[in-house]
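Chemist: my_file-v9.txt (compact mmCIF, C-alpha atoms and all ligand atoms) pasted underneath:
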```
# COMPACT_ATOMS: atom_id res chain seq x y z
CA MET A 1 0.00 0.00 0.00
CA LYS A 2 1.41 3.32 -1.12
CA ILE A 3 1.46 6.32 1.25
CA ILE A 4 2.29 9.61 -0.44
CA ILE A 5 3.00 12.70 1.68
CA GLY A 6 3.54 16.21 0.36
CA LYS A 7 2.07 19.52 -0.77
CA ASN A 8 -0.35 20.20 -3.62
CA LEU A 9 -0.71 16.52 -4.44
CA LEU A 10 -4.41 16.60 -5.29
CA ALA A 11 -3.89 18.74 -8.38
CA LYS A 12 -1.81 15.91 -9.87
CA ILE A 13 -3.63 12.95 -8.35
CA ASN A 14 -3.96 11.26 -11.78
CA ARG A 15 -0.18 10.75 -11.75
CA LEU A 16 -0.12 9.09 -8.33
CA PHE A 17 -2.23 6.00 -9.07
CA ASP A 18 -3.63 4.17 -12.09
CA PHE A 19 -7.27 5.25 -12.08
CA SER A 20 -8.05 3.94 -15.56
CA LYS A 21 -8.94 0.46 -14.27
CA PHE A 22 -11.90 1.68 -12.22
CA SER A 23 -15.38 1.56 -13.75
CA LYS A 24 -16.58 4.56 -11.70
CA ILE A 25 -15.09 6.84 -9.07
CA ALA A 26 -16.98 8.27 -6.11
CA VAL A 27 -15.77 10.70 -3.46
CA LEU A 28 -17.11 10.33 0.07
CA THR A 29 -16.79 13.42 2.23
CA ASP A 30 -18.65 15.30 4.95
CA VAL A 31 -20.56 18.51 4.39
CA ASN A 32 -17.99 20.67 6.24
CA ILE A 33 -15.15 19.40 4.10
CA GLN A 34 -17.21 19.68 0.95
CA ILE A 35 -17.28 23.43 1.62
CA SER A 36 -13.78 23.94 3.13
CA LEU A 37 -12.02 21.86 0.51
CA MET A 38 -14.21 22.75 -2.45
CA SER A 39 -11.20 23.80 -4.51
CA GLN A 40 -9.37 20.53 -3.75
CA ILE A 41 -12.42 18.53 -4.88
CA SER A 42 -12.46 20.37 -8.17
CA GLN A 43 -8.68 19.83 -8.50
CA ILE A 44 -9.30 16.08 -8.18
CA ARG A 45 -12.06 16.24 -10.79
CA LYS A 46 -9.90 18.22 -13.20
CA SER A 47 -6.90 15.99 -12.72
CA LEU A 48 -8.85 12.74 -13.18
CA LYS A 49 -10.74 14.19 -16.17
CA ARG A 50 -13.82 12.14 -15.46
CA GLU A 51 -17.23 12.21 -13.84
CA LEU A 52 -17.13 11.93 -10.03
CA THR A 53 -20.04 10.87 -7.84
CA ILE A 54 -19.95 12.95 -4.65
CA ILE A 55 -21.46 11.27 -1.58
CA THR A 56 -21.75 13.43 1.53
CA ILE A 57 -22.53 12.65 5.13
CA PRO A 58 -23.12 15.04 8.04
CA PRO A 59 -19.93 15.76 10.04
CA GLY A 60 -18.87 14.35 13.39
CA GLU A 61 -18.36 11.19 15.40
CA SER A 62 -22.09 10.88 16.08
CA GLN A 63 -22.51 10.03 12.39
CA LYS A 64 -20.12 7.10 12.57
CA ASN A 65 -22.87 4.52 12.80
CA ILE A 66 -24.55 1.80 10.77
CA GLU A 67 -27.41 4.12 9.68
CA THR A 68 -24.92 6.37 7.90
CA VAL A 69 -23.32 3.32 6.29
CA LYS A 70 -26.77 2.31 5.04
CA ASN A 71 -27.20 5.73 3.43
CA ILE A 72 -23.79 5.44 1.79
CA TRP A 73 -24.55 1.92 0.45
CA GLU A 74 -27.90 3.17 -0.92
CA LYS A 75 -26.18 6.04 -2.70
CA MET A 76 -23.59 3.64 -4.10
CA PHE A 77 -26.27 1.39 -5.57
CA GLU A 78 -28.35 4.34 -6.83
CA THR A 79 -25.40 5.87 -8.68
CA GLY A 80 -24.44 2.55 -10.25
CA LEU A 81 -21.15 1.82 -8.51
CA ASP A 82 -20.00 -1.77 -8.78
CA ARG A 83 -17.24 -3.99 -7.49
CA LYS A 84 -14.77 -2.49 -9.97
CA SER A 85 -15.43 1.07 -8.82
CA LEU A 86 -13.28 3.15 -6.47
CA LEU A 87 -14.36 5.09 -3.40
CA ILE A 88 -12.13 8.02 -2.45
CA ASN A 89 -12.50 8.90 1.22
CA LEU A 90 -11.76 12.61 1.52
CA GLY A 91 -12.05 13.62 5.14
CA GLY A 92 -11.06 13.01 8.73
CA GLY A 93 -11.00 9.75 10.64
CA VAL A 94 -14.79 9.50 10.59
CA VAL A 95 -14.98 9.63 6.79
CA CYS A 96 -11.96 7.30 6.37
CA ASP A 97 -13.27 4.74 8.91
CA ILE A 98 -16.86 4.71 7.68
CA GLY A 99 -15.96 4.95 3.99
CA GLY A 100 -13.44 2.12 4.34
CA PHE A 101 -16.11 -0.02 6.00
CA ALA A 102 -18.79 0.83 3.41
CA ALA A 103 -16.36 0.02 0.58
CA ALA A 104 -15.01 -3.15 2.18
CA THR A 105 -18.53 -4.56 2.50
CA PHE A 106 -20.19 -3.17 -0.66
CA MET A 107 -20.83 -6.11 -3.01
CA ARG A 108 -18.33 -8.09 -0.91
CA GLY A 109 -15.67 -5.42 -1.30
CA MET A 110 -14.56 -2.67 -3.65
CA ASP A 111 -11.33 -0.64 -3.63
CA PHE A 112 -10.97 2.60 -1.71
CA LEU A 113 -8.35 5.33 -1.46
CA ASN A 114 -7.88 7.47 1.65
CA ILE A 115 -7.17 11.19 1.56
CA PRO A 116 -7.13 12.10 5.26
CA THR A 117 -7.74 15.81 5.86
CA THR A 118 -7.32 16.20 9.62
CA LEU A 119 -3.91 15.99 11.27
CA LEU A 120 -5.27 13.17 13.43
CA SER A 121 -6.32 11.07 10.49
CA GLN A 122 -3.08 11.86 8.65
CA VAL A 123 -0.91 10.54 11.48
CA ASP A 124 -3.18 7.74 12.49
CA ALA A 125 -6.58 6.94 11.05
CA GLY A 126 -5.61 7.00 7.37
CA ILE A 127 -3.28 4.03 7.76
CA GLY A 128 -3.37 0.58 9.33
CA GLY A 129 -6.36 -1.00 7.63
CA LYS A 130 -8.89 -0.55 10.42
CA THR A 131 -12.36 0.38 9.20
CA GLY A 132 -15.65 0.47 11.05
CA VAL A 133 -18.42 2.22 12.93
CA ASP A 134 -19.49 2.75 16.51
CA PHE A 135 -22.24 0.42 17.67
CA LEU A 136 -24.44 0.63 20.78
CA GLU A 137 -22.00 2.28 23.18
CA ILE A 138 -18.96 0.60 21.76
CA LYS A 139 -16.51 2.73 19.77
CA ASN A 140 -15.58 0.96 16.53
CA GLY A 141 -17.68 -1.97 17.75
CA ILE A 142 -18.36 -3.19 14.21
CA GLY A 143 -15.74 -3.21 11.47
CA VAL A 144 -13.28 -5.09 9.30
CA PHE A 145 -9.59 -4.91 8.53
CA LYS A 146 -9.12 -3.81 4.93
CA ASN A 147 -6.32 -1.72 3.46
CA PRO A 148 -6.98 1.12 1.04
CA ILE A 149 -5.17 0.94 -2.31
CA GLY A 150 -3.20 3.90 -0.98
CA THR A 151 -3.19 6.99 1.20
CA ILE A 152 -2.50 10.50 -0.03
CA ILE A 153 -1.57 13.07 2.60
CA ASP A 154 -1.63 16.60 1.29
CA VAL A 155 -0.68 19.02 4.07
CA GLU A 156 -2.36 21.86 2.19
CA THR A 157 -5.67 20.41 3.40
CA LEU A 158 -4.71 21.35 6.98
CA LYS A 159 -4.94 25.08 6.22
CA THR A 160 -8.69 25.09 6.86
CA LEU A 161 -8.60 22.76 9.88
CA PRO A 162 -9.94 24.35 13.11
CA LYS A 163 -7.29 24.81 15.85
CA ARG A 164 -9.09 22.52 18.31
CA GLU A 165 -8.84 19.69 15.74
CA LEU A 166 -5.12 20.37 15.22
CA VAL A 167 -4.46 20.25 18.97
CA SER A 168 -6.55 17.09 19.35
CA ALA A 169 -4.24 15.28 16.91
CA PHE A 170 -1.43 15.75 19.39
CA GLY A 171 -3.22 13.25 21.64
CA GLU A 172 -2.23 10.55 19.15
CA ILE A 173 1.13 12.16 18.29
CA ILE A 174 2.19 12.28 21.96
CA LYS A 175 1.07 8.62 22.23
CA HIS A 176 3.47 7.81 19.39
CA GLY A 177 6.16 9.64 21.39
CA VAL A 178 5.45 7.53 24.49
CA ILE A 179 5.63 4.37 22.38
CA SER A 180 8.78 5.23 20.41
CA GLY A 181 11.03 7.02 22.90
CA ARG A 182 12.34 10.20 24.43
CA GLU A 183 13.66 11.85 21.25
CA TYR A 184 10.31 11.98 19.46
CA PHE A 185 8.35 12.59 22.69
CA ASP A 186 10.54 15.61 23.54
CA PHE A 187 10.28 17.00 19.99
CA VAL A 188 6.49 16.81 19.78
CA THR A 189 6.03 18.28 23.27
CA SER A 190 8.67 21.00 22.76
CA LYS A 191 6.11 23.64 21.77
CA LYS A 192 2.41 24.25 21.25
CA PRO A 193 0.85 22.39 18.31
CA GLU A 194 0.02 25.61 16.46
CA GLU A 195 3.67 26.73 16.71
CA PHE A 196 5.00 23.92 14.50
CA SER A 197 5.80 25.03 10.95
CA GLN A 198 4.33 23.25 7.95
CA ASP A 199 7.68 21.52 7.34
CA GLU A 200 7.85 20.39 10.97
CA LEU A 201 4.32 19.04 10.66
CA ILE A 202 5.40 17.04 7.60
CA LYS A 203 8.27 15.65 9.68
CA ILE A 204 5.83 14.74 12.47
CA ILE A 205 3.38 13.10 10.05
CA LYS A 206 6.19 11.02 8.51
CA GLN A 207 7.62 9.97 11.87
CA SER A 208 4.22 9.11 13.40
CA ILE A 209 3.29 7.07 10.33
CA LYS A 210 6.62 5.27 10.50
CA ILE A 211 6.10 4.41 14.16
CA LYS A 212 2.57 3.17 13.52
CA SER A 213 3.30 1.27 10.33
CA ASP A 214 6.39 -0.48 11.76
CA ILE A 215 4.13 -1.86 14.48
CA VAL A 216 1.21 -2.66 12.16
CA LYS A 217 3.49 -4.51 9.73
CA ARG A 218 4.69 -6.79 12.51
CA ASP A 219 1.16 -7.48 13.79
CA PRO A 220 -1.51 -6.48 11.22
CA LYS A 221 -4.44 -8.19 12.97
CA GLU A 222 -3.64 -6.90 16.45
CA LYS A 223 -2.82 -10.27 17.95
CA ASN A 224 -0.34 -8.83 20.41
CA LEU A 225 2.22 -6.09 19.65
CA ARG A 226 -0.21 -3.78 17.81
CA LYS A 227 -2.17 -3.44 21.02
CA ILE A 228 0.48 -1.02 22.27
CA LEU A 229 -1.09 1.54 19.92
CA ASN A 230 -4.13 1.36 22.19
CA PHE A 231 -2.31 3.06 25.07
CA GLY A 232 -4.73 5.63 26.51
CA HIS A 233 -7.62 4.20 24.52
CA THR A 234 -9.37 1.94 27.04
CA ILE A 235 -10.25 4.79 29.38
CA GLY A 236 -10.13 7.26 26.47
CA HIS A 237 -12.79 5.41 24.47
CA ALA A 238 -15.04 5.08 27.52
CA ILE A 239 -14.87 8.81 28.23
CA GLU A 240 -15.31 9.64 24.54
CA SER A 241 -18.41 7.42 24.22
CA LEU A 242 -20.02 8.95 27.31
CA SER A 243 -19.18 12.49 26.22
CA LEU A 244 -20.92 11.92 22.89
CA LYS A 245 -24.21 11.76 24.73
CA THR A 246 -23.68 15.18 26.29
CA ASP A 247 -23.83 18.66 24.81
CA LYS A 248 -20.03 18.94 25.10
CA PRO A 249 -18.61 15.99 23.19
CA LEU A 250 -14.86 15.46 23.46
CA LEU A 251 -12.72 15.03 20.37
CA HIS A 252 -10.99 11.68 19.96
CA GLY A 253 -7.49 13.03 20.67
CA GLU A 254 -8.75 14.92 23.73
CA ALA A 255 -10.31 11.75 25.15
CA VAL A 256 -7.09 9.83 24.40
CA ALA A 257 -5.10 12.55 26.21
CA ILE A 258 -7.21 12.07 29.34
CA GLY A 259 -6.99 8.29 28.89
CA MET A 260 -3.18 8.41 28.67
CA THR A 261 -2.87 10.67 31.71
CA ILE A 262 -4.91 8.26 33.81
CA GLU A 263 -3.61 5.00 32.33
CA SER A 264 0.04 6.04 32.71
CA ASN A 265 -0.61 5.93 36.45
CA LEU A 266 -1.92 2.38 36.40
CA LEU A 267 1.55 0.88 36.53
CA CYS A 268 2.52 3.21 39.34
CA HIS A 269 -0.46 2.44 41.48
CA PRO A 270 0.82 1.71 45.04
CA VAL A 271 0.45 -2.04 44.55
CA LEU A 272 2.55 -2.12 41.42
CA THR A 273 4.66 0.94 41.87
CA SER A 274 8.14 2.32 41.42
CA GLU A 275 9.40 5.87 41.73
CA VAL A 276 10.56 5.84 38.10
CA SER A 277 7.10 5.23 36.73
CA THR A 278 5.62 7.95 38.94
CA ARG A 279 8.05 10.37 37.36
CA MET A 280 7.20 9.03 33.90
CA ALA A 281 3.49 9.61 34.50
CA GLY A 282 4.34 13.20 35.47
CA THR A 283 6.37 13.74 32.28
CA ILE A 284 3.52 12.42 30.14
CA LYS A 285 0.99 14.61 31.92
CA ASN A 286 3.19 17.72 31.48
CA GLY A 287 3.60 17.02 27.77
CA ILE A 288 -0.15 16.65 27.36
CA GLU A 289 -0.89 19.83 29.31
CA ASN A 290 1.75 21.75 27.38
CA ALA A 291 0.03 20.83 24.12
CA GLY A 292 -3.16 22.41 25.49
CA LEU A 293 -4.96 19.08 25.86
CA PRO A 294 -7.19 18.10 28.81
CA THR A 295 -5.89 15.68 31.46
CA LYS A 296 -9.03 15.12 33.50
CA ILE A 297 -12.75 15.35 33.44
CA ASP A 298 -15.24 15.01 36.25
CA ARG A 299 -18.66 15.07 34.71
CA PHE A 300 -19.23 11.33 34.38
CA GLU A 301 -20.36 8.82 36.97
CA LEU A 302 -17.64 6.37 37.94
CA GLU A 303 -20.02 3.44 37.49
CA ASP A 304 -20.87 4.53 33.93
CA ILE A 305 -17.20 4.70 33.00
CA MET A 306 -16.58 1.26 34.53
CA LYS A 307 -19.49 -0.19 32.59
CA VAL A 308 -18.11 0.99 29.25
CA ILE A 309 -14.55 -0.10 30.14
CA SER A 310 -15.84 -3.59 30.98
CA SER A 311 -17.34 -3.97 27.51
CA ASP A 312 -14.16 -2.84 25.74
CA LYS A 313 -13.21 -5.19 22.92
CA LYS A 314 -9.60 -5.26 24.08
CA ASN A 315 -10.71 -7.31 27.09
CA PHE A 316 -10.29 -11.06 26.99
CA LYS A 317 -12.32 -13.69 28.89
CA GLY A 318 -13.71 -11.03 31.22
CA LYS A 319 -10.25 -9.72 32.13
CA LEU A 320 -9.59 -5.99 31.76
CA LEU A 321 -6.47 -5.69 29.68
CA PHE A 322 -4.44 -2.53 29.17
CA SER A 323 -1.43 -1.42 27.14
CA LEU A 324 0.72 0.54 29.57
CA PRO A 325 4.07 2.32 29.44
CA GLU A 326 6.79 0.99 31.67
CA ARG A 327 8.83 3.99 30.60
CA ILE A 328 8.77 6.46 27.69
CA GLY A 329 9.86 4.22 24.82
CA LYS A 330 8.42 0.98 26.19
CA VAL A 331 4.69 0.24 26.17
CA ILE A 332 3.66 -3.28 27.17
CA PRO A 333 0.40 -4.90 25.92
CA ASN A 334 -2.03 -7.20 27.75
CA ILE A 335 -1.53 -6.06 31.32
CA GLU A 336 -4.42 -7.20 33.44
CA ILE A 337 -5.67 -4.59 35.87
CA SER A 338 -8.40 -5.32 38.40
CA GLN A 339 -11.66 -3.38 38.48
CA GLU A 340 -10.74 -2.22 41.99
CA VAL A 341 -7.43 -0.66 40.94
CA ILE A 342 -9.06 1.13 38.03
CA LYS A 343 -11.88 2.45 40.17
CA ASN A 344 -9.49 3.77 42.82
CA LEU A 345 -7.33 5.42 40.22
CA LEU A 346 -10.26 7.02 38.42
CA GLN A 347 -11.51 8.33 41.73
CA ALA A 348 -8.08 9.74 42.61
CA GLN A 349 -7.41 11.24 39.19
CA MET A 350 -10.78 12.47 38.07
CA TYR A 351 -12.64 13.47 41.13
CA SER A 352 -9.81 14.98 43.16
N1 LIG B 401 -8.79 3.61 11.75
C1 LIG B 401 -7.91 3.96 12.66
O1 LIG B 401 -6.86 3.36 12.79
C2 LIG B 401 -8.20 5.14 13.52
C3 LIG B 401 -7.16 5.69 14.31
C4 LIG B 401 -7.44 6.82 15.08
C5 LIG B 401 -8.70 7.38 15.05
N2 LIG B 401 -9.67 6.84 14.28
C6 LIG B 401 -11.02 7.41 14.26
O2 LIG B 401 -10.97 8.70 13.67
C7 LIG B 401 -12.07 9.47 14.16
C8 LIG B 401 -11.62 10.84 14.49
O3 LIG B 401 -11.11 11.43 13.34
P1 LIG B 401 -10.91 13.00 13.17
O4 LIG B 401 -10.31 13.53 14.41
O5 LIG B 401 -10.20 13.19 11.91
O6 LIG B 401 -12.40 13.59 13.18
P2 LIG B 401 -13.49 13.92 12.05
O7 LIG B 401 -13.37 13.01 10.91
O8 LIG B 401 -14.79 13.98 12.76
O9 LIG B 401 -13.11 15.39 11.59
C9 LIG B 401 -13.14 16.44 12.52
C10 LIG B 401 -13.88 17.67 12.04
O10 LIG B 401 -13.05 18.42 11.18
C11 LIG B 401 -13.71 18.69 9.95
N3 LIG B 401 -12.65 18.69 8.95
C12 LIG B 401 -11.95 17.63 8.52
N4 LIG B 401 -10.98 18.02 7.69
C13 LIG B 401 -11.07 19.36 7.58
C14 LIG B 401 -10.31 20.34 6.89
N5 LIG B 401 -9.23 20.01 6.17
N6 LIG B 401 -10.72 21.62 6.98
C15 LIG B 401 -11.78 21.97 7.74
N7 LIG B 401 -12.50 21.09 8.46
C16 LIG B 401 -12.14 19.80 8.38
C17 LIG B 401 -14.75 17.61 9.82
O11 LIG B 401 -15.83 18.03 9.05
C18 LIG B 401 -15.15 17.39 11.27
O12 LIG B 401 -16.11 18.32 11.65
C19 LIG B 401 -12.61 8.68 15.34
O13 LIG B 401 -13.82 8.09 14.97
C20 LIG B 401 -11.57 7.62 15.62
O14 LIG B 401 -12.13 6.43 16.14
C21 LIG B 401 -9.45 5.74 13.52
ZN ZN B 402 -6.98 6.75 18.53
```
Mind turning this structure into structure tokens?

Modeler:
Amino acid sequence: MKIIIGKNLLAKINRLFDFSKFSKIAVLTDVNIQISLMSQISQIRKSLKRELTIITIPPGESQKNIETVKNIWEKMFETGLDRKSLLINLGGGVVCDIGGFAAATFMRGMDFLNIPTTLLSQVDAGIGGKTGVDFLEIKNGIGVFKNPIGTIIDVETLKTLPKRELVSAFGEIIKHGVISGREYFDFVTSKKPEEFSQDELIKIIKQSIKIKSDIVKRDPKEKNLRKILNFGHTIGHAIESLSLKTDKPLLHGEAVAIGMTIESNLLCHPVLTSEVSTRMAGTIKNGIENAGLPTKIDRFELEDIMKVISSDKKNFKGKLLFSLPERIGKVIPNIEISQEVIKNLLQAQMYS
């Protein structure tokens, strides 16, 4: 799978892949992006020199559900797409995840190409082959692994991205720092997200993708090692799911930031502790705060959070399993933590 990173790529998209083999091409996007990136959509049309079907969905995580997929499938049938067609997902993680899933299941699978347009989806969601939707209260509860034919990352698309979305991406970027080691962690926490130049952002995108894809290559189906990418996500997903039902939904990277702050203390809970890991948890928290991301939230009931955590798909045979950092540069998967320890920690961290 080809990943192409650069500037002004969409104007010459016809040179990046062989599009002639596809019977039809559709672009899936959300209504915000359709407006913000109107000129990029017309660049794609001009470069491909062919008719494009545009399929739009409303924006936001709340749309990442099976109803929206149904609407996309309907539109695909109505506009005559078939198994030899191509779906281009132009958008953030929501569009890439849902579009990948709709394409992977349409007529038993058609090709798709990802053009992630948020920093978060550029460093994370656009690669790795995970597609899917949220179901009941479970984030990404339904989905399949299927790789796009490629991913095009055009940093020009970030020019219209709201600042809160840019900052949120640093939730995942800092996670990559915790996984890979001090050098990258220190670089990405060295200044505020909005202070990085476009060239520095390209460097960050490349490095984050390298970290993620090295792991994904070694364990594509998340049997073991890949689980380390879930650091911060067990508690993060629970908080994110609950926040979606309120009038102040958290962004994915914000929820992951809170998740990482809390989870990085799990290994230094008194029962399991060492002074080194207490210091590490402090370093992670400082980095997260410095980026302008939240580290705690107190508006959810402890029992509600526990309920969602207990249904997390990373659990196995009723055991609550976490990916936790032993130090910056070493995250370990499959650590079983008891309900009691988690409850105490949540109480100490969130309600203090
Ligand atoms: N598949 C994976 O491996 C993976 C990894 C991480 C996250 N995810 C998923 O990604 C989702 C979050 O993705 P996201 O943060 O990109 O959110 P998103 O897709 O909801 O996009 C955020 C907002 O920004 C707008 N937007 C997007 N690009 C824009 C641009 N260039 N200019 C102006 N506005 C723009 C969108 O309309 C939306 O309102 C979550 O559902 C998460 O589960 C998936
Ligand atoms: Zn994530």

Chemist: Could you tell me how far CA of Lys175 (chain A) sits from CA of Ser323 (chain A), in Å to one decimal place?

Modeler: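 Between CA of Ser323 (chain A) and CA of Lys175 (chain A) the gap works out to 11.5 Å.
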
Chemist: Write out as a PyMOL selection string each polymer residue whose atoms come within 8 Å of region 207-211 of chain A, counting only C-alpha atoms; drop sequence neighbours fewer than 2 positions from it.

Modeler: chain A and resi 123-124+127+173+176+180+203-205+213-215

Chemist: Considering all atoms listed in the file, state which residue in the set A:Val94, A:Ala11, A:Leu345, A:Leu250 is at the smallest distance from ligand LIG 401 (chain B).

Modeler: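 So, comparing all the options, the nearest one is A:Val94.
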
Chemist: Counting all atoms listed in the file, which residue out of A:Glu254, A:Glu183, A:Asp219, A:Asp199 sits closest to ligand LIG 401 (chain B)?

Modeler: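 Closest candidate: A:Glu254.
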
Chemist: Within 7 Å of ligand ZN 402 (chain B), counting all atoms listed in the file, which protein or nucleic acid residues do you find, written as a tab-separated table (two decimals) with C-alpha atoms, in the frame of the given file?

Modeler:
```tsv
chain	number	residue	atom	x	y	z
A	172	GLU	CA	-2.23	10.55	19.15
A	233	HIS	CA	-7.62	4.20	24.52
A	252	HIS	CA	-10.99	11.68	19.96
A	253	GLY	CA	-7.49	13.03	20.67
A	256	VAL	CA	-7.09	9.83	24.40
```

Chemist: Using all atoms listed in the file, what are the residues with an atom within 8 Å of ligand LIG 401 (chain B), set out as number ranges by chain?

Modeler: A: 30-33, 36-37, 58-61, 64, 91-97, 116-122, 124-134, 139-140, 157-162, 165, 168-169, 172, 251-253

Chemist: Listing only residues of region 38-89 of chain A within 7 Å of region 19-25 of chain A, what is the closest atom pair and its distance in Å (to one decimal) for each, using all atoms listed in the file, sorted by chain and residue number ascending, as a tab-separated table?

Modeler:
```
residue	atom	partner	partner_atom	distance
A:Leu52	CA	A:Ile25	CA	5.6
A:Thr53	CA	A:Ile25	CA	6.5
A:Leu81	CA	A:Lys24	CA	6.2
A:Lys84	CA	A:Phe22	CA	5.5
A:Ser85	CA	A:Lys24	CA	4.7
A:Leu86	CA	A:Ile25	CA	4.9
A:Leu87	CA	A:Ile25	CA	6.0
```

Chemist: Please report the interatomic distance between CA of Lys227 (chain A) and CA of Ser241 (chain A) in Å with one decimal.

Modeler: 19.8 Å

Chemist: Considering only C-alpha atoms, return as number ranges by chain whatever protein or nucleic-acid residues lie within 9 Å of Lys314 (chain A), sequence-local ones (same chain, fewer than 3 positions apart) excluded.

Modeler: A: 227, 230, 234, 311, 320-322, 334
